Amino acid sequence: MPLSNRRTLTQYLIEQRRRFPGASGELNALILDVSLACKAIARSVAFGALGDPSTRHISAAQPGGDTNVQGEVQKPLDIVSNEIFIRTTEWSGNLAGMASEEMETPYQIPGPYTRGKYLLVFDPLDGSSNIDVNVSVGSIFSILRLPDAEREPGRDVTEADFLQSGAQQVAAGYALYGPVTMLILTVGAGVVGFTLDPNLGEFKLTHPDIRVPADTQEFAINSSNSRFWEPPVKRYVDECLAGKTGPRGKDFNMRWIASMVAEAHRILMRGGVFLYPRDTKDPKKPGRLRLLYEANPVGFIMEQAGGRASTGRQPVLGVQPSELHQRVGLVFGSRNEVERIERYHADTATRDVANPLFAERSLFRD
Ligand code: AHG
Ligand code: MN
Ligand code: MN
């Protein structure tokens, strides 16, 4: 099919809206604004070490090098991308407020803009440690409803407004800035993928129904953390590594890009399982990835594509958040593998109850 005949993101959203005759079009407008932010970030990223002249004023005012609330150093492009998300979405009257990896507290929509009923939560640039080595990065977003928008229209948002489980998400997606720029989206009716047509600057529907294969022979984990893994994770990886002659009876391949959005994309395209599990590296951090703007949106996409997302102990989308920047153990991808990892966690828990001497946290832990 010639590219020009493909549906655009706008067309797709209008068709989806027909399923909800009462819908006002605000969600569609918000998603289109987010897609514009992603296009702008894609352009900024593409300038690399040359620096994007159109965002130089942002980098001049905030040169990066500061530490964000996560205790991680902000790259100039983290700040630029955060700013782009804010400026392209705050004006429209569709948002009640925003929260981002790069902002400690929720962002209040300033006057004179009208405040709307949706909350936007985002990781403006995921995998930003890969920027300097020219490896794929992305942006991740999640859209929630303001809990009591009808009762108190226009009020300030609080952290508590954002503490909704992933099951409450209205839409979620990510943009991937790789050899091509893509936008992957779910509005709760499956997962679709758009490719940015560089001639038109339009996202065109190229992947109308993305499904994650239930089985895989490919896993992704940062094995430099292996000494901190909990027993079920160690068992799973050991069995993968044992290959054909081990208990799984087949060989496995391994990948680690260190851009979760790129790993999620590979898994959506050809299957696989990703693990950044809870570990014992830092007792204050129950995992590496953040629940609200990394695990939940990717979890929603995986589930909508027929895959699965879990903490190992429970479905990610069922976790009730307690903090805006909360971290969580995360396992996602091909359904049968994720379920196997969940079974291994359940087995360990059962064994611990049966014999507390060998419990996960006991002296005799293996
Ligand atoms: P961010 O750049 O938004 O801070 O996220 C990076 C995350 C994620 O994308 C990736 O999977 C993980 O950090 C990589 O962690 P390691 O450096 O431990 O491999
Ligand atoms: Mn990230
Ligand atoms: Mn980030």
# chains A, B, ... in the order shown; residues from 1 in each chain; ligands from 1

call {"tool": "residues_near_ligand", "arguments": {"ligand": "ligand 2", "cutoff": "9 Å", "atoms": "only C-alpha atoms and all ligand atoms", "output": "list of chain:residue names"}}
result
A:Glu101, A:Asp123, A:Pro124, A:Leu125, A:Asp126, A:Gly127, A:Ser128, A:Gly138, A:Ser139, A:Ile140, A:Ser259, A:Met260, A:Val261, A:Leu289, A:Arg290, A:Tyr293, A:Glu294

call {"tool": "write_last_selection", "arguments": {"atoms": "all heavy atoms", "output": "compact mmCIF listing (two decimals), in the first residue's frame"}}
result
# COMPACT_ATOMS: atom_id res chain seq x y z
N GLU A 101 8.72 12.61 35.49
CA GLU A 101 9.95 12.15 36.13
C GLU A 101 10.84 13.32 36.54
O GLU A 101 11.56 13.26 37.52
CB GLU A 101 10.72 11.25 35.14
CG GLU A 101 12.07 10.80 35.66
CD GLU A 101 12.82 9.92 34.67
OE1 GLU A 101 12.21 9.02 34.09
OE2 GLU A 101 14.03 10.16 34.49
N ASP A 123 7.29 10.30 31.28
CA ASP A 123 8.75 10.24 31.33
C ASP A 123 9.19 10.88 30.02
O ASP A 123 9.08 10.27 28.96
CB ASP A 123 9.21 8.77 31.41
CG ASP A 123 10.72 8.62 31.36
OD1 ASP A 123 11.42 9.63 31.13
OD2 ASP A 123 11.20 7.49 31.54
N PRO A 124 9.64 12.15 30.07
CA PRO A 124 9.85 12.88 28.81
C PRO A 124 10.94 12.26 27.93
O PRO A 124 10.84 12.31 26.71
CB PRO A 124 10.25 14.28 29.26
CG PRO A 124 10.65 14.16 30.69
CD PRO A 124 9.92 12.98 31.25
N LEU A 125 11.95 11.69 28.57
CA LEU A 125 13.01 11.04 27.79
C LEU A 125 13.47 9.81 28.54
O LEU A 125 14.12 9.91 29.58
CB LEU A 125 14.17 12.02 27.56
CG LEU A 125 15.05 11.68 26.36
CD1 LEU A 125 14.26 11.72 25.06
CD2 LEU A 125 16.22 12.64 26.28
N ASP A 126 13.09 8.65 28.03
CA ASP A 126 13.47 7.39 28.67
C ASP A 126 14.72 6.84 28.00
O ASP A 126 14.84 6.86 26.78
CB ASP A 126 12.33 6.38 28.55
CG ASP A 126 12.72 5.03 29.12
OD1 ASP A 126 12.97 4.96 30.33
OD2 ASP A 126 12.82 4.06 28.34
N GLY A 127 15.64 6.38 28.85
CA GLY A 127 16.89 5.81 28.32
C GLY A 127 17.90 6.90 28.01
O GLY A 127 18.77 6.72 27.17
N SER A 128 17.77 8.04 28.71
CA SER A 128 18.59 9.20 28.31
C SER A 128 20.09 8.97 28.48
O SER A 128 20.89 9.70 27.90
CB SER A 128 18.13 10.48 29.00
OG SER A 128 18.19 10.33 30.39
N GLY A 138 13.27 7.27 24.04
CA GLY A 138 11.85 7.45 23.78
C GLY A 138 11.19 8.34 24.81
O GLY A 138 11.85 8.86 25.71
N SER A 139 9.88 8.54 24.66
CA SER A 139 9.06 9.25 25.66
C SER A 139 7.89 8.33 26.00
O SER A 139 7.38 7.64 25.12
CB SER A 139 8.48 10.54 25.08
OG SER A 139 9.48 11.40 24.60
N ILE A 140 7.49 8.34 27.27
CA ILE A 140 6.39 7.47 27.71
C ILE A 140 5.32 8.34 28.35
O ILE A 140 5.65 9.26 29.11
CB ILE A 140 6.86 6.42 28.74
CG1 ILE A 140 8.17 5.76 28.30
CG2 ILE A 140 5.79 5.37 29.00
CD1 ILE A 140 8.79 4.87 29.37
N SER A 259 17.33 1.06 27.44
CA SER A 259 16.23 2.00 27.18
C SER A 259 14.98 1.15 27.26
O SER A 259 14.71 0.37 26.34
CB SER A 259 16.30 2.56 25.76
OG SER A 259 17.15 3.65 25.65
N MET A 260 14.22 1.26 28.34
CA MET A 260 13.07 0.37 28.49
C MET A 260 12.11 0.48 27.32
O MET A 260 11.52 -0.50 26.89
CB MET A 260 12.33 0.66 29.79
CG MET A 260 11.21 -0.31 30.01
SD MET A 260 10.06 0.14 31.28
CE MET A 260 9.45 1.68 30.68
N VAL A 261 11.97 1.71 26.81
CA VAL A 261 11.02 1.92 25.73
C VAL A 261 11.45 1.13 24.47
O VAL A 261 10.61 0.57 23.76
CB VAL A 261 10.88 3.45 25.49
CG1 VAL A 261 11.86 4.00 24.55
CG2 VAL A 261 9.49 3.86 25.17
N LEU A 289 12.54 0.87 38.13
CA LEU A 289 11.66 1.66 37.25
C LEU A 289 10.51 2.25 38.05
O LEU A 289 10.14 1.76 39.11
CB LEU A 289 11.18 0.78 36.11
CG LEU A 289 12.36 0.34 35.23
CD1 LEU A 289 11.96 -0.78 34.29
CD2 LEU A 289 12.94 1.51 34.45
N ARG A 290 9.98 3.33 37.52
CA ARG A 290 8.97 4.10 38.23
C ARG A 290 7.57 3.63 37.82
O ARG A 290 7.28 3.41 36.65
CB ARG A 290 9.13 5.59 37.96
CG ARG A 290 10.20 6.30 38.78
CD ARG A 290 11.59 5.80 38.65
NE ARG A 290 12.12 5.74 37.31
CZ ARG A 290 13.07 6.53 36.81
NH1 ARG A 290 13.62 7.46 37.56
NH2 ARG A 290 13.52 6.38 35.59
N TYR A 293 4.92 6.43 35.56
CA TYR A 293 5.19 6.88 34.19
C TYR A 293 6.10 5.94 33.41
O TYR A 293 6.49 6.27 32.30
CB TYR A 293 5.73 8.32 34.18
CG TYR A 293 6.72 8.64 35.28
CD1 TYR A 293 8.05 8.32 35.16
CD2 TYR A 293 6.29 9.26 36.46
CE1 TYR A 293 8.95 8.60 36.17
CE2 TYR A 293 7.18 9.54 37.49
CZ TYR A 293 8.51 9.21 37.33
OH TYR A 293 9.39 9.48 38.34
N GLU A 294 6.45 4.79 33.98
CA GLU A 294 7.17 3.77 33.21
C GLU A 294 6.39 2.45 33.24
O GLU A 294 5.96 1.96 32.20
CB GLU A 294 8.61 3.61 33.74
CG GLU A 294 9.46 4.85 33.47
CD GLU A 294 10.87 4.79 34.04
OE1 GLU A 294 11.07 4.28 35.16
OE2 GLU A 294 11.79 5.31 33.39

call {"tool": "residues_around", "arguments": {"residues": "region 321-337 of chain A", "least_positions_apart": "6", "cutoff": "9 Å", "atoms": "only C-alpha atoms", "output": "count of residues only"}}
result
53

call {"tool": "residues_around", "arguments": {"residues": "Gln62 (chain A)", "least_positions_apart": "3", "cutoff": "9 Å", "atoms": "only C-alpha atoms", "output": "list in words"}}
result
His57, Ile58, Ser59, Gly65, Asp66, Pro76, Ile79 and Val80 of chain A

call {"tool": "select_by_dssp", "arguments": {"residues": "region 124-354 of chain A", "states": "strand (DSSP E)", "output": "NGL selection string"}}
result
:A and (124-126 or 137-145 or 171-177 or 181-186 or 192-197 or 202-207 or 218-221 or 253-254 or 273-276 or 289-290 or 308-310 or 327-328 or 330-333)

call {"tool": "write_last_selection", "arguments": {"atoms": "C-alpha atoms", "output": "JSON list (two decimals), in the first residue's frame"}}
result
[["chain", "number", "residue", "atom", "x", "y", "z"],
["A", 124, "PRO", "CA", 9.85, 12.88, 28.81],
["A", 125, "LEU", "CA", 13.01, 11.04, 27.79],
["A", 126, "ASP", "CA", 13.47, 7.39, 28.67],
["A", 137, "VAL", "CA", 15.54, 6.68, 23.37],
["A", 138, "GLY", "CA", 11.85, 7.45, 23.78],
["A", 139, "SER", "CA", 9.06, 9.25, 25.66],
["A", 140, "ILE", "CA", 6.39, 7.47, 27.71],
["A", 141, "PHE", "CA", 2.98, 8.86, 28.71],
["A", 142, "SER", "CA", -0.09, 7.87, 30.67],
["A", 143, "ILE", "CA", -3.46, 9.65, 30.76],
["A", 144, "LEU", "CA", -5.71, 9.46, 33.84],
["A", 145, "ARG", "CA", -8.93, 11.23, 34.85],
["A", 171, "ALA", "CA", -4.83, 5.93, 27.39],
["A", 172, "ALA", "CA", -1.11, 5.27, 27.34],
["A", 173, "GLY", "CA", 1.66, 5.22, 24.82],
["A", 174, "TYR", "CA", 5.23, 5.85, 23.95],
["A", 175, "ALA", "CA", 7.23, 7.40, 21.17],
["A", 176, "LEU", "CA", 10.45, 5.72, 20.10],
["A", 177, "TYR", "CA", 13.21, 7.83, 18.57],
["A", 181, "THR", "CA", 10.23, 7.65, 14.91],
["A", 182, "MET", "CA", 7.18, 5.66, 15.98],
["A", 183, "LEU", "CA", 4.21, 6.27, 18.23],
["A", 184, "ILE", "CA", 2.62, 3.30, 19.97],
["A", 185, "LEU", "CA", -0.78, 3.91, 21.52],
["A", 186, "THR", "CA", -3.58, 2.25, 23.41],
["A", 192, "VAL", "CA", -1.72, 0.40, 17.39],
["A", 193, "GLY", "CA", 1.54, 1.73, 15.99],
["A", 194, "PHE", "CA", 2.18, 4.77, 13.83],
["A", 195, "THR", "CA", 5.32, 5.61, 11.88],
["A", 196, "LEU", "CA", 6.32, 9.23, 11.43],
["A", 197, "ASP", "CA", 6.32, 10.09, 7.74],
["A", 202, "GLU", "CA", 2.44, 13.02, 10.17],
["A", 203, "PHE", "CA", 2.11, 9.81, 12.14],
["A", 204, "LYS", "CA", 0.73, 7.16, 9.74],
["A", 205, "LEU", "CA", -0.92, 3.94, 10.91],
["A", 206, "THR", "CA", 1.53, 1.17, 10.01],
["A", 207, "HIS", "CA", 0.80, -1.39, 12.75],
["A", 218, "GLU", "CA", 14.48, -14.10, 24.27],
["A", 219, "PHE", "CA", 14.90, -12.39, 27.64],
["A", 220, "ALA", "CA", 16.25, -9.01, 28.75],
["A", 221, "ILE", "CA", 17.78, -8.31, 32.15],
["A", 253, "ASN", "CA", 18.88, -15.41, 23.46],
["A", 254, "MET", "CA", 19.52, -12.28, 25.55],
["A", 273, "VAL", "CA", 10.40, -10.95, 28.30],
["A", 274, "PHE", "CA", 11.87, -7.95, 30.14],
["A", 275, "LEU", "CA", 12.85, -8.00, 33.80],
["A", 276, "TYR", "CA", 13.93, -5.18, 36.05],
["A", 289, "LEU", "CA", 11.66, 1.66, 37.25],
["A", 290, "ARG", "CA", 8.97, 4.10, 38.23],
["A", 308, "ARG", "CA", 1.38, -9.49, 30.57],
["A", 309, "ALA", "CA", 3.01, -7.10, 33.05],
["A", 310, "SER", "CA", 3.71, -7.99, 36.65],
["A", 327, "ARG", "CA", 9.63, 2.52, 42.08],
["A", 328, "VAL", "CA", 8.48, -1.01, 41.44],
["A", 330, "LEU", "CA", 8.77, -4.93, 36.72],
["A", 331, "VAL", "CA", 8.46, -7.98, 34.48],
["A", 332, "PHE", "CA", 6.62, -7.76, 31.16],
["A", 333, "GLY", "CA", 6.25, -9.33, 27.75]]

call {"tool": "residues_around", "arguments": {"residues": "region 226-237 of chain A", "least_positions_apart": "6", "cutoff": "7 Å", "atoms": "only C-alpha atoms", "output": "list in words"}}
result
Asp279, Thr280, Lys281, Ile341, Tyr344, His345 and Thr348 of chain A

call {"tool": "atom_distance", "arguments": {"atom1": "CA of Ser92 (chain A)", "atom2": "CA of Gln304 (chain A)"}}
result
28.1 Å

call {"tool": "closest_residue", "arguments": {"among": "A:Asp33, A:Asp209, A:Glu102, A:Asp52", "to": "ligand 3", "atoms": "only C-alpha atoms and all ligand atoms"}}
result
A:Glu102

call {"tool": "atom_distance", "arguments": {"atom1": "CA of Gly97 (chain A)", "atom2": "CA of Gln320 (chain A)"}}
result
20.0 Å

call {"tool": "closest_residue", "arguments": {"among": "A:Val135, A:Ala37, A:Met103, A:Leu50", "to": "Thr88 (chain A)", "atoms": "only C-alpha atoms"}}
result
A:Ala37

call {"tool": "closest_residue", "arguments": {"among": "A:Ser81, A:Asn296, A:Gln314, A:Thr350", "to": "Ala42 (chain A)", "atoms": "only C-alpha atoms"}}
result
A:Ser81
